[in-house]
Amino acid sequence: MIKAIYGTRDILPTNIHQWLNLESIIRKTMKAYNYSEIRTPVFEETALFSRSIGENTDIVSKEMYTFTDRGETSITLRPELTASVVRAFIEHSFDKIYNLSKLYYIGPAFRQERPQAGRLRQFHQFGAEAIGCEDPSLDAEMIIMAFRIISALGLKSLTVKINSLGLPAERDYYREKLREYLKPFLEKLSAESIKRFDSNVLRIFDSKDERDIKIMSSAPQLIDFLSESSLQHFETVKNALIAAEIPYEIDPALVRGLDYYTHTTFEIVSNSVGSQSALCGGGRYNGLVAELGGTDAPGVGFAAGMERILLACENENVFSVSPDALDVYVCRINNDFKNDAFQICLKLRDAGFAAEIDYLQRSVKAQMREANRLNSRFVAFIGGTEFLEGKIRIKDMPSGTEVEVKSSDMESLIRIIRKD
RNA sequence: GUGAGUGUAGCUCAGUUGGUUAGAGCGUCUGGUUGUGGCCCAGAAGGCCGUGGGUUCAAGUCCCAUCUCUCACCCCA
């Protein structure tokens with residue numbers, strides 16, 4: 001048996017309404033905040049990702065699905081969508097056409113990691129990018145919008161974490177200072193953290209090792225190395241969150257892994273999805289557009305994992321109601337008027353109703369069971385003595401009451417069904 | 001990439017110290033009404049017990065390998 005690739009999932013008809021519901025909340029909210037949808041290809045030139053996300057990040061160094069096409073171009077299935085959106089922004093000269101581009105996306109992304117709860121190899125993200133403006137209100141807008149979307153599903157137990165990484169120069173200087181501080185303790189750190197000392201010192205703050213935590217507790221803090229204007233930016237973001245009544249906490253250990261972040265970073269975490277608790281992550285990326293060859297346009301954005309969000313919904317037992325009920329089921333009393341029944345069913349569909357009919361020549365009882373299973377509001381009986389007399393019997397399923405209409409009179413048939 | 005665990009009907013799971021024809025609930029189908037659903041009742045279909053090898057008179061049960069999926073680490077959405 002051929003099965004779906006490890007780490008990929010089929011989204012089956014029984015679950016699809018959860019996805020449609022989430023998507024409709026996303027689209028509705030994005031519209032309210034005036035973000036426009038953009039759809040970009042699922043694969044891109046590999047260089048796009050290595051340059052934006054960072055050559056030595058885990059994503060680029062070991063998690064990308066990369067292959068060579070018939071020519072000799074190295075191609076990669078997108079591991080995230082920000083890089084693609086920025087690429088499209090530059091390619092279509094959005095900076096010259098719009099003062100500010102507010103864009104959102106929904107779509108699959110691919111990362112070759114070991115799957116676990118809340119982590120797949122093909123997963124779906126939605127997110128937004130605001131490119132062309134440095135105003136901290138936009139940082140706050142992102143956080144507020146993401147929080148509103150996730151809350152709208154009914155999820156509780158959400159935490160908003162924020163931090164500021166300042167400017168690259170400030171961070172570089174801080175990194176040096178942190179290494180200086182850590183050098184004397186180097187041998188006492190956990191093996192993981194010793195590796196991180198070279199690859200990504202800031203990550204040592206995340207360590208779960210008790211010795212590391214102790215050593216890091218008196219380490220210098222990035223916030224003390226930020227310039228006046230960086231601090232001011234951060235303050236403005238925090239004030240906007242307070243005004244919008246978004247409960248947040250400052251997490252100095254919140255160091256986003258992707259290289260392109262500056263100033264604000266944030267995450268929305270849930271404690272009901274297992275160990276992969278980040279539902280949403282984002283921040284400001286002022287150098288990214290220039291890095292990818294565009295004008296020096298500042299940007300801010302976020303990405304959220306749809307599977308994780310839906311997993312949280314499942315674990316918190318918040319489900320959207322399935323909207324797919326049938327309006328009318330056409331039931332054949334006998335097979336004498338098989339074609340008439342089919343034609344009536346087609347007419348009902350043309351009139352805009354969700355209508356179904358039996359194709360398996362099954363008994364009336366079986367057809368009724370099917371109508372019930374499909375949660376049909378009405379059943380139209382075709383055949384038997386009524387049909388010989390030119391009548392169709394209509395049953396209202398919830399009440400069980402039946403009425404008859406002339407089979408030549410489609411209009412009153414439609415009126416009965418539509419009345420509801 | 002590292003570690004731990006899992007694998008019996010479509011689904012969720014039982015299966016006694018290895019011992020005859022492998023079970024239940026749900027779901028599916030048929031019937032209980034010469035033409036009417038939900039509830040109820042009766043019956044039926046559906047399993048090379050993940051795969052390969054080994055131990056044994058005898059393996060779903062024990063051993064080895066392999067694959068699968070799950071969870072965690074790492075990292076991230």
# chains A, B, ... in the order shown; residues from 1 in each chain; ligands from 1
$ closest_atom_pairs --of "chain A" --to "chain B" --cutoff "8 Å" --atoms "only C-alpha atoms (C1' of nucleotides)" --output "JSON lines"
{"residue": "A:Asp58", "atom": "CA", "partner": "B:C75", "partner_atom": "C1'", "distance": 6.6}
{"residue": "A:Gln116", "atom": "CA", "partner": "B:C71", "partner_atom": "C1'", "distance": 6.6}
{"residue": "A:Ala117", "atom": "CA", "partner": "B:C71", "partner_atom": "C1'", "distance": 7.4}
{"residue": "A:Gln125", "atom": "CA", "partner": "B:A77", "partner_atom": "C1'", "distance": 6.6}
{"residue": "A:Gly257", "atom": "CA", "partner": "B:C76", "partner_atom": "C1'", "distance": 7.8}
{"residue": "A:Ala278", "atom": "CA", "partner": "B:A77", "partner_atom": "C1'", "distance": 6.7}
{"residue": "A:Leu279", "atom": "CA", "partner": "B:A77", "partner_atom": "C1'", "distance": 5.9}
{"residue": "A:Cys280", "atom": "CA", "partner": "B:A77", "partner_atom": "C1'", "distance": 5.8}
{"residue": "A:Gly281", "atom": "CA", "partner": "B:A77", "partner_atom": "C1'", "distance": 6.9}
{"residue": "A:Ala303", "atom": "CA", "partner": "B:A77", "partner_atom": "C1'", "distance": 6.4}
{"residue": "A:Ala304", "atom": "CA", "partner": "B:A77", "partner_atom": "C1'", "distance": 5.0}
{"residue": "A:Gly305", "atom": "CA", "partner": "B:A77", "partner_atom": "C1'", "distance": 3.9}
{"residue": "A:Met306", "atom": "CA", "partner": "B:A77", "partner_atom": "C1'", "distance": 7.6}
{"residue": "A:Arg308", "atom": "CA", "partner": "B:A77", "partner_atom": "C1'", "distance": 7.5}
{"residue": "A:Ile333", "atom": "CA", "partner": "B:G35", "partner_atom": "C1'", "distance": 5.6}
{"residue": "A:Asn334", "atom": "CA", "partner": "B:G35", "partner_atom": "C1'", "distance": 7.9}
{"residue": "A:Val364", "atom": "CA", "partner": "B:U36", "partner_atom": "C1'", "distance": 6.7}
{"residue": "A:Lys365", "atom": "CA", "partner": "B:U36", "partner_atom": "C1'", "distance": 6.4}
{"residue": "A:Met368", "atom": "CA", "partner": "B:G37", "partner_atom": "C1'", "distance": 4.7}
{"residue": "A:Arg369", "atom": "CA", "partner": "B:G37", "partner_atom": "C1'", "distance": 4.8}
{"residue": "A:Glu370", "atom": "CA", "partner": "B:G37", "partner_atom": "C1'", "distance": 7.7}
{"residue": "A:Ala371", "atom": "CA", "partner": "B:G37", "partner_atom": "C1'", "distance": 6.8}
{"residue": "A:Asn372", "atom": "CA", "partner": "B:G37", "partner_atom": "C1'", "distance": 5.1}
{"residue": "A:Gly384", "atom": "CA", "partner": "B:G35", "partner_atom": "C1'", "distance": 7.4}
{"residue": "A:Met397", "atom": "CA", "partner": "B:G37", "partner_atom": "C1'", "distance": 7.9}
$ select_by_dssp --residues "range 255-306 of chain A" --states "helix (DSSP H, G or I)" --output "compact mmCIF listing (two decimals) with N, CA, C and O atoms, in the first residue's frame"
# COMPACT_ATOMS: atom_id res chain seq x y z
N LEU A 288 15.97 43.03 5.77
CA LEU A 288 15.74 41.90 4.86
C LEU A 288 15.53 42.29 3.41
O LEU A 288 16.08 41.66 2.50
N VAL A 289 14.74 43.31 3.18
CA VAL A 289 14.43 43.68 1.79
C VAL A 289 15.71 44.09 1.06
O VAL A 289 15.96 43.66 -0.07
N ALA A 290 16.54 44.88 1.74
CA ALA A 290 17.80 45.29 1.13
C ALA A 290 18.71 44.08 0.92
O ALA A 290 19.36 43.93 -0.12
N GLU A 291 18.73 43.19 1.89
CA GLU A 291 19.56 41.98 1.80
C GLU A 291 19.20 41.17 0.55
O GLU A 291 20.05 40.56 -0.08
N MET A 306 -0.90 26.49 11.21
CA MET A 306 -2.33 26.15 11.25
C MET A 306 -2.59 24.81 11.91
O MET A 306 -3.55 24.66 12.66
$ residues_around --residues "Glu63 in chain A" --least-positions-apart "2" --cutoff "9 Å" --atoms "only C-alpha atoms (C1' of nucleotides)" --output "list of chain:residue names"
A:Asp58, A:Ile59, A:Val60, A:Ser61, A:Tyr65, A:Pro79, A:Phe110, A:Arg111, A:Gln112, A:Glu113
$ select_by_dssp --residues "range 258-296 of chain A" --states "strand (DSSP E or B)" --output "list in words"
Thr262, His263, Thr264, Thr265, Phe266, Glu267, Ile268, Val269, Ser270, Ala278, Leu279, Cys280, Gly281, Gly282, Gly283 and Arg284 of chain A
$ atom_distance --atom1 "CA of Phe342 in chain A" --atom2 "CA of Glu402 in chain A"
20.8 Å
$ closest_residue --among "B:G47, B:A58, B:C41, B:C73" --to "G10 in chain B" --atoms "only C-alpha atoms (C1' of nucleotides)"
B:G47
$ residues_around --residues "U28 in chain B" --least-positions-apart "5" --cutoff "12 Å" --atoms "only C-alpha atoms (C1' of nucleotides)" --output "PyMOL selection string"
(chain A and resi 370) or (chain B and resi 9-11+44-46)
$ atom_distance --atom1 "C1' of G15 in chain B" --atom2 "C1' of G54 in chain B"
23.9 Å
$ decode --residues "range 204-241 of chain A" --atoms "N, CA and C atoms" --output "PDB file, in the first residue's frame"
ATOM      1  N   ILE A 204      21.558  30.077  24.292  1.00  0.00           N
ATOM      2  CA  ILE A 204      21.865  29.436  25.570  1.00  0.00           C
ATOM      3  C   ILE A 204      20.830  29.851  26.626  1.00  0.00           C
ATOM      4  N   PHE A 205      20.211  31.006  26.395  1.00  0.00           N
ATOM      5  CA  PHE A 205      19.144  31.436  27.313  1.00  0.00           C
ATOM      6  C   PHE A 205      17.987  30.447  27.335  1.00  0.00           C
ATOM      7  N   ASP A 206      17.780  29.725  26.234  1.00  0.00           N
ATOM      8  CA  ASP A 206      16.666  28.768  26.140  1.00  0.00           C
ATOM      9  C   ASP A 206      16.922  27.455  26.854  1.00  0.00           C
ATOM     10  N   SER A 207      18.165  27.219  27.224  1.00  0.00           N
ATOM     11  CA  SER A 207      18.562  25.906  27.728  1.00  0.00           C
ATOM     12  C   SER A 207      17.706  25.459  28.910  1.00  0.00           C
ATOM     13  N   LYS A 208      17.453  24.147  28.947  1.00  0.00           N
ATOM     14  CA  LYS A 208      16.674  23.600  30.051  1.00  0.00           C
ATOM     15  C   LYS A 208      17.593  23.000  31.109  1.00  0.00           C
ATOM     16  N   ASP A 209      18.894  23.010  30.817  1.00  0.00           N
ATOM     17  CA  ASP A 209      19.876  22.469  31.745  1.00  0.00           C
ATOM     18  C   ASP A 209      20.032  23.409  32.952  1.00  0.00           C
ATOM     19  N   GLU A 210      19.959  22.834  34.156  1.00  0.00           N
ATOM     20  CA  GLU A 210      19.955  23.674  35.358  1.00  0.00           C
ATOM     21  C   GLU A 210      21.234  24.474  35.546  1.00  0.00           C
ATOM     22  N   ARG A 211      22.364  23.860  35.214  1.00  0.00           N
ATOM     23  CA  ARG A 211      23.632  24.593  35.353  1.00  0.00           C
ATOM     24  C   ARG A 211      23.643  25.792  34.414  1.00  0.00           C
ATOM     25  N   ASP A 212      23.142  25.559  33.187  1.00  0.00           N
ATOM     26  CA  ASP A 212      23.098  26.657  32.221  1.00  0.00           C
ATOM     27  C   ASP A 212      22.213  27.785  32.738  1.00  0.00           C
ATOM     28  N   ILE A 213      21.066  27.394  33.284  1.00  0.00           N
ATOM     29  CA  ILE A 213      20.124  28.396  33.757  1.00  0.00           C
ATOM     30  C   ILE A 213      20.760  29.243  34.855  1.00  0.00           C
ATOM     31  N   LYS A 214      21.493  28.576  35.740  1.00  0.00           N
ATOM     32  CA  LYS A 214      22.156  29.279  36.842  1.00  0.00           C
ATOM     33  C   LYS A 214      23.186  30.269  36.295  1.00  0.00           C
ATOM     34  N   ILE A 215      24.000  29.783  35.378  1.00  0.00           N
ATOM     35  CA  ILE A 215      25.039  30.648  34.806  1.00  0.00           C
ATOM     36  C   ILE A 215      24.406  31.825  34.073  1.00  0.00           C
ATOM     37  N   MET A 216      23.321  31.561  33.349  1.00  0.00           N
ATOM     38  CA  MET A 216      22.705  32.610  32.536  1.00  0.00           C
ATOM     39  C   MET A 216      21.940  33.627  33.387  1.00  0.00           C
ATOM     40  N   SER A 217      21.602  33.228  34.603  1.00  0.00           N
ATOM     41  CA  SER A 217      20.778  34.119  35.418  1.00  0.00           C
ATOM     42  C   SER A 217      21.493  35.425  35.742  1.00  0.00           C
ATOM     43  N   SER A 218      22.816  35.393  35.772  1.00  0.00           N
ATOM     44  CA  SER A 218      23.498  36.667  36.045  1.00  0.00           C
ATOM     45  C   SER A 218      24.257  37.180  34.817  1.00  0.00           C
ATOM     46  N   ALA A 219      23.874  36.656  33.655  1.00  0.00           N
ATOM     47  CA  ALA A 219      24.500  37.126  32.413  1.00  0.00           C
ATOM     48  C   ALA A 219      23.981  38.509  32.053  1.00  0.00           C
ATOM     49  N   PRO A 220      24.758  39.262  31.283  1.00  0.00           N
ATOM     50  CA  PRO A 220      24.272  40.568  30.833  1.00  0.00           C
ATOM     51  C   PRO A 220      23.027  40.413  29.960  1.00  0.00           C
ATOM     52  N   GLN A 221      22.146  41.394  30.003  1.00  0.00           N
ATOM     53  CA  GLN A 221      20.895  41.334  29.243  1.00  0.00           C
ATOM     54  C   GLN A 221      20.967  42.221  28.008  1.00  0.00           C
ATOM     55  N   LEU A 222      20.407  41.713  26.939  1.00  0.00           N
ATOM     56  CA  LEU A 222      20.421  42.466  25.683  1.00  0.00           C
ATOM     57  C   LEU A 222      19.784  43.848  25.847  1.00  0.00           C
ATOM     58  N   ILE A 223      18.739  43.894  26.631  1.00  0.00           N
ATOM     59  CA  ILE A 223      17.993  45.142  26.773  1.00  0.00           C
ATOM     60  C   ILE A 223      18.881  46.293  27.262  1.00  0.00           C
ATOM     61  N   ASP A 224      19.914  45.942  28.034  1.00  0.00           N
ATOM     62  CA  ASP A 224      20.829  46.971  28.554  1.00  0.00           C
ATOM     63  C   ASP A 224      21.792  47.480  27.491  1.00  0.00           C
ATOM     64  N   PHE A 225      21.799  46.835  26.344  1.00  0.00           N
ATOM     65  CA  PHE A 225      22.721  47.237  25.293  1.00  0.00           C
ATOM     66  C   PHE A 225      22.006  47.947  24.144  1.00  0.00           C
ATOM     67  N   LEU A 226      20.705  48.155  24.338  1.00  0.00           N
ATOM     68  CA  LEU A 226      19.952  48.797  23.259  1.00  0.00           C
ATOM     69  C   LEU A 226      20.117  50.311  23.311  1.00  0.00           C
ATOM     70  N   SER A 227      20.083  50.922  22.133  1.00  0.00           N
ATOM     71  CA  SER A 227      20.206  52.371  22.050  1.00  0.00           C
ATOM     72  C   SER A 227      18.906  53.020  22.509  1.00  0.00           C
ATOM     73  N   GLU A 228      18.980  54.326  22.707  1.00  0.00           N
ATOM     74  CA  GLU A 228      17.814  55.080  23.143  1.00  0.00           C
ATOM     75  C   GLU A 228      16.650  54.900  22.167  1.00  0.00           C
ATOM     76  N   SER A 229      16.956  54.976  20.867  1.00  0.00           N
ATOM     77  CA  SER A 229      15.861  54.897  19.888  1.00  0.00           C
ATOM     78  C   SER A 229      15.282  53.482  19.810  1.00  0.00           C
ATOM     79  N   SER A 230      16.121  52.471  20.007  1.00  0.00           N
ATOM     80  CA  SER A 230      15.610  51.093  20.021  1.00  0.00           C
ATOM     81  C   SER A 230      14.682  50.891  21.218  1.00  0.00           C
ATOM     82  N   LEU A 231      15.100  51.430  22.355  1.00  0.00           N
ATOM     83  CA  LEU A 231      14.271  51.303  23.553  1.00  0.00           C
ATOM     84  C   LEU A 231      12.945  52.026  23.362  1.00  0.00           C
ATOM     85  N   GLN A 232      13.011  53.175  22.698  1.00  0.00           N
ATOM     86  CA  GLN A 232      11.816  53.968  22.458  1.00  0.00           C
ATOM     87  C   GLN A 232      10.834  53.193  21.567  1.00  0.00           C
ATOM     88  N   HIS A 233      11.384  52.545  20.544  1.00  0.00           N
ATOM     89  CA  HIS A 233      10.574  51.719  19.647  1.00  0.00           C
ATOM     90  C   HIS A 233       9.838  50.632  20.451  1.00  0.00           C
ATOM     91  N   PHE A 234      10.574  49.962  21.295  1.00  0.00           N
ATOM     92  CA  PHE A 234      10.032  48.880  22.109  1.00  0.00           C
ATOM     93  C   PHE A 234       8.937  49.403  23.045  1.00  0.00           C
ATOM     94  N   GLU A 235       9.185  50.551  23.642  1.00  0.00           N
ATOM     95  CA  GLU A 235       8.201  51.171  24.543  1.00  0.00           C
ATOM     96  C   GLU A 235       6.884  51.414  23.823  1.00  0.00           C
ATOM     97  N   THR A 236       6.990  51.963  22.615  1.00  0.00           N
ATOM     98  CA  THR A 236       5.788  52.289  21.850  1.00  0.00           C
ATOM     99  C   THR A 236       4.978  51.029  21.566  1.00  0.00           C
ATOM    100  N   VAL A 237       5.674  49.955  21.226  1.00  0.00           N
ATOM    101  CA  VAL A 237       4.985  48.687  20.966  1.00  0.00           C
ATOM    102  C   VAL A 237       4.244  48.237  22.216  1.00  0.00           C
ATOM    103  N   LYS A 238       4.938  48.272  23.340  1.00  0.00           N
ATOM    104  CA  LYS A 238       4.329  47.804  24.591  1.00  0.00           C
ATOM    105  C   LYS A 238       3.100  48.634  24.949  1.00  0.00           C
ATOM    106  N   ASN A 239       3.213  49.947  24.781  1.00  0.00           N
ATOM    107  CA  ASN A 239       2.071  50.816  25.102  1.00  0.00           C
ATOM    108  C   ASN A 239       0.862  50.510  24.218  1.00  0.00           C
ATOM    109  N   ALA A 240       1.133  50.235  22.954  1.00  0.00           N
ATOM    110  CA  ALA A 240       0.026  49.918  22.041  1.00  0.00           C
ATOM    111  C   ALA A 240      -0.651  48.613  22.451  1.00  0.00           C
ATOM    112  N   LEU A 241       0.139  47.658  22.930  1.00  0.00           N
ATOM    113  CA  LEU A 241      -0.436  46.380  23.365  1.00  0.00           C
ATOM    114  C   LEU A 241      -1.294  46.576  24.606  1.00  0.00           C
TER     115      LEU A 241
END
